[in-house]
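Remarks on the structure that follows.
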Amino acid sequence: MARDGTLVAALLMLAIYILIAVFSPYLAPYAPSDLAGRPLEGPGNSHLLGTNDLGQDIFSSLLYGTRATLFLGFLGGLISVLTSLLFGMVSAYYGGLTDEMVTRIVDIMMTIPGFPLLIVLVVFLPQSLFIIGGVMGLIGGAQGIRVIRSQVLSLVEAEFIYGVKAMGASDHYVMAKHILPGVFPLAIMMFVNAAQRYMLMGVGLGFLGLGDPSVIDWGQMISRAYSNGGFALGLWWWLIPPGLAVVLLSLALALLGYSLETEAEPRLKMRKMIH
Amino acid sequence: MRLEYLGWRVFYSFLAFAISITFTFILIHAMPGDYLHVILPSLADKNPLATELFEEQFGFDKPLVDQYVLYVINVFQGNWGYSIQYGQPVTAVIISKLCWTMIILLPATLLSILIGVAIGSYSGWSSGSLADSFIFKIMIFLGAVPSYWWAIILILVLGFYLGLFPLGGYMSVRALNEGLSYYDVLYHAVLPIVALTLAMVPGVYYLMRTSMLQTVGQDYILTARCKGLGELKILQHHALKNAMLPMVTMMAIELAHTIMGSVFVETIFSWPGMGYLTYEALRVRDIPLLQGIFLMDTLIIILANMATDFSYPFIDPRAEVGKIG
């Protein structure tokens, strides 16, 4: 029962975040770029969390910032899982030379440090949410290929796959109807974990000044507070809310991942033994 | 089998580095404005010979393929270009910053391993108990918190409100008169070390717990119990040593990865290490420096990987290399 409680709590938290992201224009008292008050006002009635150095309402920015972070996390997670699924399945299913090539390339990719590569690529490419999410997903996806591959390898040898093949099913049919459902629970968990990682990373990139400059994100908010004396003046209402927002979001996803993991225990045990 | 496997690993590492070099070469050439031409005019003013030297070293007048070959040779000879911001060779800048990173990274790694191993082995040893599930849940919470959040909270609470620690930097203003003292540097290093440790503990914990769980099920633990050994003795002499083995692999690689991962902690604390250097290089788009940082990171991680590959058979003679990991 406790397990269910965790799952429900995590989903509820996530739902609140998604609702805030969708309805932020209606919830926010000011447009985030509006110079709505005097600069560096403390929290008060007119400005729930005060204003930043330009006099923009921090609470409104906080609500709008939900969008970029959620979007980055989900896009990155989706692309990373799709990459892992595609290459992992094809590699394990066909075996032979294809498998050899994919595993070799993954071996080499794993040696190149992911985060520095991400930073350098993001500097180099145009700064948009789509591209940042895509690059994060592709780099992270390469690391998931092994996990999917080992799971599919154990499936490919199963009797029912031989049976279906003997009945004349095409490779595409077998992969879509029989292999994919087998790795689907694993893929969902990988998605949740990846989304959590990329949300944290997205805020981190924003902090480093690598976010999409055309949108508001929590990382850029922290970065602005950091470089404009947020620490020296102890402006907690500027530093804490964006950080806390991402920490709670990350917690929700971590709990979701944890409860999914415990739900899917038997499959997971199998994965851990193979891996 | 062992030699062949190690040979392949070395080959892959080499390939990975070759890819990284190619990548940085493309990066530098695809960036608008040849960076050396940015530095060159000011240098040529002071020293006309510099132009010639640069032409010779980087081969601007040659075709792109020749430039690439020159670039590769330069990288292997340690000429990684010149930082725009510092006006110094990239390697010199990076190496001076690496020492500063190590001042906070080494204690943080040691601490996190000590704490992670202690809690992780206890948790794995008493798996299923109330304490285990309690610790496990706390670690899920800790693991979900990013390092920058620890840094922000530590500065605000312990630095600003309680005034126990400095808000950042690596020395007090006093040091301008009295000179840099070790005590002062350590005093500034405390909070960054704590933040890094907090961020690293969950990873160590998970690995140690899983490893301990596997060890507990081994036959030799059962044998030890049958001999009538006390639980504590079994834990100390039989379980812990064996469960620690994967930690060795983890340690070097973790350390290598955190050199880069400390970018947030170092930046928020204004600690003058590699992470802060990366932040600065990004801020002013110092591409040569960024290229150097990337190459250095790749190199460090490749070396860490190889070191663990080669040392593992000595640490655990049972392991047939190629079958583990």
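In the structure tokens, the first chain shown is A, the next is B, and so on; residue numbers restart at 1 for each chain, and ligands run from 1 in the order shown.
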Polymer residues at most 10 Å from Leu240 (chain B), only C-alpha atoms, same-chain spacing of 3 or more positions, as a PDB file with N, CA, C and O atoms, in the first residue's frame:
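What landed in selection.pdb:
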```pdb
ATOM      1  N   VAL B 117      30.560   3.901   1.515  1.00  0.00           N
ATOM      2  CA  VAL B 117      30.894   2.496   1.781  1.00  0.00           C
ATOM      3  C   VAL B 117      30.335   2.073   3.140  1.00  0.00           C
ATOM      4  O   VAL B 117      29.733   1.001   3.275  1.00  0.00           O
ATOM      5  N   ALA B 118      30.506   2.943   4.138  1.00  0.00           N
ATOM      6  CA  ALA B 118      30.032   2.585   5.477  1.00  0.00           C
ATOM      7  C   ALA B 118      28.521   2.373   5.473  1.00  0.00           C
ATOM      8  O   ALA B 118      28.022   1.314   5.890  1.00  0.00           O
ATOM      9  N   SER B 121      27.417  -0.539   2.915  1.00  0.00           N
ATOM     10  CA  SER B 121      27.650  -1.919   3.322  1.00  0.00           C
ATOM     11  C   SER B 121      26.738  -2.295   4.484  1.00  0.00           C
ATOM     12  O   SER B 121      26.234  -3.409   4.546  1.00  0.00           O
ATOM     13  N   TYR B 122      26.473  -1.321   5.359  1.00  0.00           N
ATOM     14  CA  TYR B 122      25.531  -1.609   6.447  1.00  0.00           C
ATOM     15  C   TYR B 122      24.145  -1.898   5.880  1.00  0.00           C
ATOM     16  O   TYR B 122      23.484  -2.865   6.267  1.00  0.00           O
ATOM     17  N   TRP B 125      24.155  -5.211   4.105  1.00  0.00           N
ATOM     18  CA  TRP B 125      24.328  -6.308   5.058  1.00  0.00           C
ATOM     19  C   TRP B 125      23.011  -6.602   5.773  1.00  0.00           C
ATOM     20  O   TRP B 125      22.649  -7.754   5.981  1.00  0.00           O
ATOM     21  N   MET B 208      27.745   0.285  -3.469  1.00  0.00           N
ATOM     22  CA  MET B 208      28.200  -0.515  -2.347  1.00  0.00           C
ATOM     23  C   MET B 208      27.081  -1.436  -1.854  1.00  0.00           C
ATOM     24  O   MET B 208      27.321  -2.591  -1.522  1.00  0.00           O
ATOM     25  N   SER B 211      26.593  -4.260  -4.322  1.00  0.00           N
ATOM     26  CA  SER B 211      27.737  -5.158  -4.242  1.00  0.00           C
ATOM     27  C   SER B 211      27.662  -6.010  -2.971  1.00  0.00           C
ATOM     28  O   SER B 211      27.921  -7.217  -2.994  1.00  0.00           O
ATOM     29  N   MET B 212      27.266  -5.371  -1.870  1.00  0.00           N
ATOM     30  CA  MET B 212      27.152  -6.099  -0.609  1.00  0.00           C
ATOM     31  C   MET B 212      26.027  -7.130  -0.682  1.00  0.00           C
ATOM     32  O   MET B 212      26.166  -8.256  -0.185  1.00  0.00           O
ATOM     33  N   THR B 215      27.356 -10.068  -2.348  1.00  0.00           N
ATOM     34  CA  THR B 215      28.342 -10.774  -1.530  1.00  0.00           C
ATOM     35  C   THR B 215      27.676 -11.600  -0.440  1.00  0.00           C
ATOM     36  O   THR B 215      28.092 -12.719  -0.161  1.00  0.00           O
ATOM     37  N   VAL B 216      26.638 -11.025   0.159  1.00  0.00           N
ATOM     38  CA  VAL B 216      25.974 -11.706   1.270  1.00  0.00           C
ATOM     39  C   VAL B 216      25.448 -13.080   0.853  1.00  0.00           C
ATOM     40  O   VAL B 216      25.445 -14.019   1.640  1.00  0.00           O
ATOM     41  N   LYS B 233      32.737 -10.094  12.587  1.00  0.00           N
ATOM     42  CA  LYS B 233      33.967 -10.627  12.001  1.00  0.00           C
ATOM     43  C   LYS B 233      33.758 -10.987  10.544  1.00  0.00           C
ATOM     44  O   LYS B 233      34.603 -10.730   9.696  1.00  0.00           O
ATOM     45  N   ILE B 234      32.602 -11.614  10.260  1.00  0.00           N
ATOM     46  CA  ILE B 234      32.321 -11.981   8.865  1.00  0.00           C
ATOM     47  C   ILE B 234      32.274 -10.725   8.016  1.00  0.00           C
ATOM     48  O   ILE B 234      32.855 -10.662   6.929  1.00  0.00           O
ATOM     49  N   LEU B 235      31.599  -9.716   8.543  1.00  0.00           N
ATOM     50  CA  LEU B 235      31.471  -8.459   7.804  1.00  0.00           C
ATOM     51  C   LEU B 235      32.846  -7.866   7.543  1.00  0.00           C
ATOM     52  O   LEU B 235      33.185  -7.482   6.422  1.00  0.00           O
ATOM     53  N   GLN B 236      33.676  -7.848   8.604  1.00  0.00           N
ATOM     54  CA  GLN B 236      34.983  -7.202   8.478  1.00  0.00           C
ATOM     55  C   GLN B 236      35.924  -7.980   7.562  1.00  0.00           C
ATOM     56  O   GLN B 236      36.546  -7.415   6.681  1.00  0.00           O
ATOM     57  N   HIS B 237      36.016  -9.280   7.792  1.00  0.00           N
ATOM     58  CA  HIS B 237      37.083 -10.032   7.140  1.00  0.00           C
ATOM     59  C   HIS B 237      36.668 -10.701   5.838  1.00  0.00           C
ATOM     60  O   HIS B 237      37.502 -11.004   5.004  1.00  0.00           O
ATOM     61  N   ALA B 243      33.191  -7.084  -1.194  1.00  0.00           N
ATOM     62  CA  ALA B 243      32.196  -6.151  -1.707  1.00  0.00           C
ATOM     63  C   ALA B 243      32.840  -4.843  -2.142  1.00  0.00           C
ATOM     64  O   ALA B 243      32.289  -4.110  -2.958  1.00  0.00           O
ATOM     65  N   MET B 244      34.032  -4.565  -1.602  1.00  0.00           N
ATOM     66  CA  MET B 244      34.713  -3.324  -1.949  1.00  0.00           C
ATOM     67  C   MET B 244      35.287  -3.342  -3.367  1.00  0.00           C
ATOM     68  O   MET B 244      35.597  -2.295  -3.921  1.00  0.00           O
ATOM     69  N   LEU B 245      35.448  -4.545  -3.930  1.00  0.00           N
ATOM     70  CA  LEU B 245      36.163  -4.634  -5.211  1.00  0.00           C
ATOM     71  C   LEU B 245      35.605  -3.744  -6.318  1.00  0.00           C
ATOM     72  O   LEU B 245      36.362  -3.033  -6.961  1.00  0.00           O
TER      73      LEU B 245
END
```
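Excluding Gln85 (chain B) itself and any same-chain residue fewer than 5 positions from it, the protein and nucleic acid residues within 10 Å of it, counting only C-alpha atoms, are B:Ile39, B:Glu280, B:Ala281, B:Val284, B:Arg285, B:Asp286, B:Ile287, B:Pro288, B:Leu289.
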Using only C-alpha atoms, determine which residues of chain B fall within 9 Å of chain A; present them as a count of residues only.
52
Report as a PyMOL selection string: the residues of region 151-219 of chain B with a DSSP assignment of helix (DSSP H, G or I), based on the backbone of this structure.
chain B and resi 151-161+175-178+182-216+219
Can you tell me, as an MDAnalysis selection string, what residues are no more than 8 Å from Val183 (chain A) when counting only C-alpha atoms, ignoring any on the same chain fewer than 6 positions away?
chainID A and resid 148 151:152
May I have the residues within 12 Å of region 62-69 of chain B as number ranges by chain, using only C-alpha atoms and disregarding those fewer than 3 positions away in the same chain?
B: 18, 21-30, 55-59, 72-76
Name the closest residue to Gln214 (chain B) among the candidates B:Ser129, B:Ala304, B:Tyr86, B:Pro246; distances are taken between atoms, counting only C-alpha atoms.
B:Pro246
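The interatomic distance for the pair CA of Ile135 (chain B) and CA of Val8 (chain A) works out to 21.6 Å.
Using only C-alpha atoms, the protein and nucleic acid residues lying no more than 9 Å from Leu40 (chain A), apart from those fewer than 6 places from it along its own chain, are Gly50, Thr51, Asn52, Asp53, Leu54, Gly55, Gln56 and Leu235 of chain A.
With only C-alpha atoms taken into account, the protein and nucleic acid residues at most 6 Å from region 76-87 of chain A (excluding it and anything under 5 positions from it in its own chain) are Gly133, Gly134, Met136, Gly137, Leu138, Gly140, Gly141, Gly144, Ile145, Phe191, Ala194 and Ala195 of chain A.
Residues surrounding Val204 (chain B) within 8 Å are Ser112, Ile113, Gly116, Val117, Gly120, Met200, Met208 and Met247 of chain B [only C-alpha atoms; sequence separation below 4 positions excluded].
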Quick one: pull the distance between CA of Leu129 (chain A) and CA of Asp212 (chain A), Å, one decimal.
5.7 Å
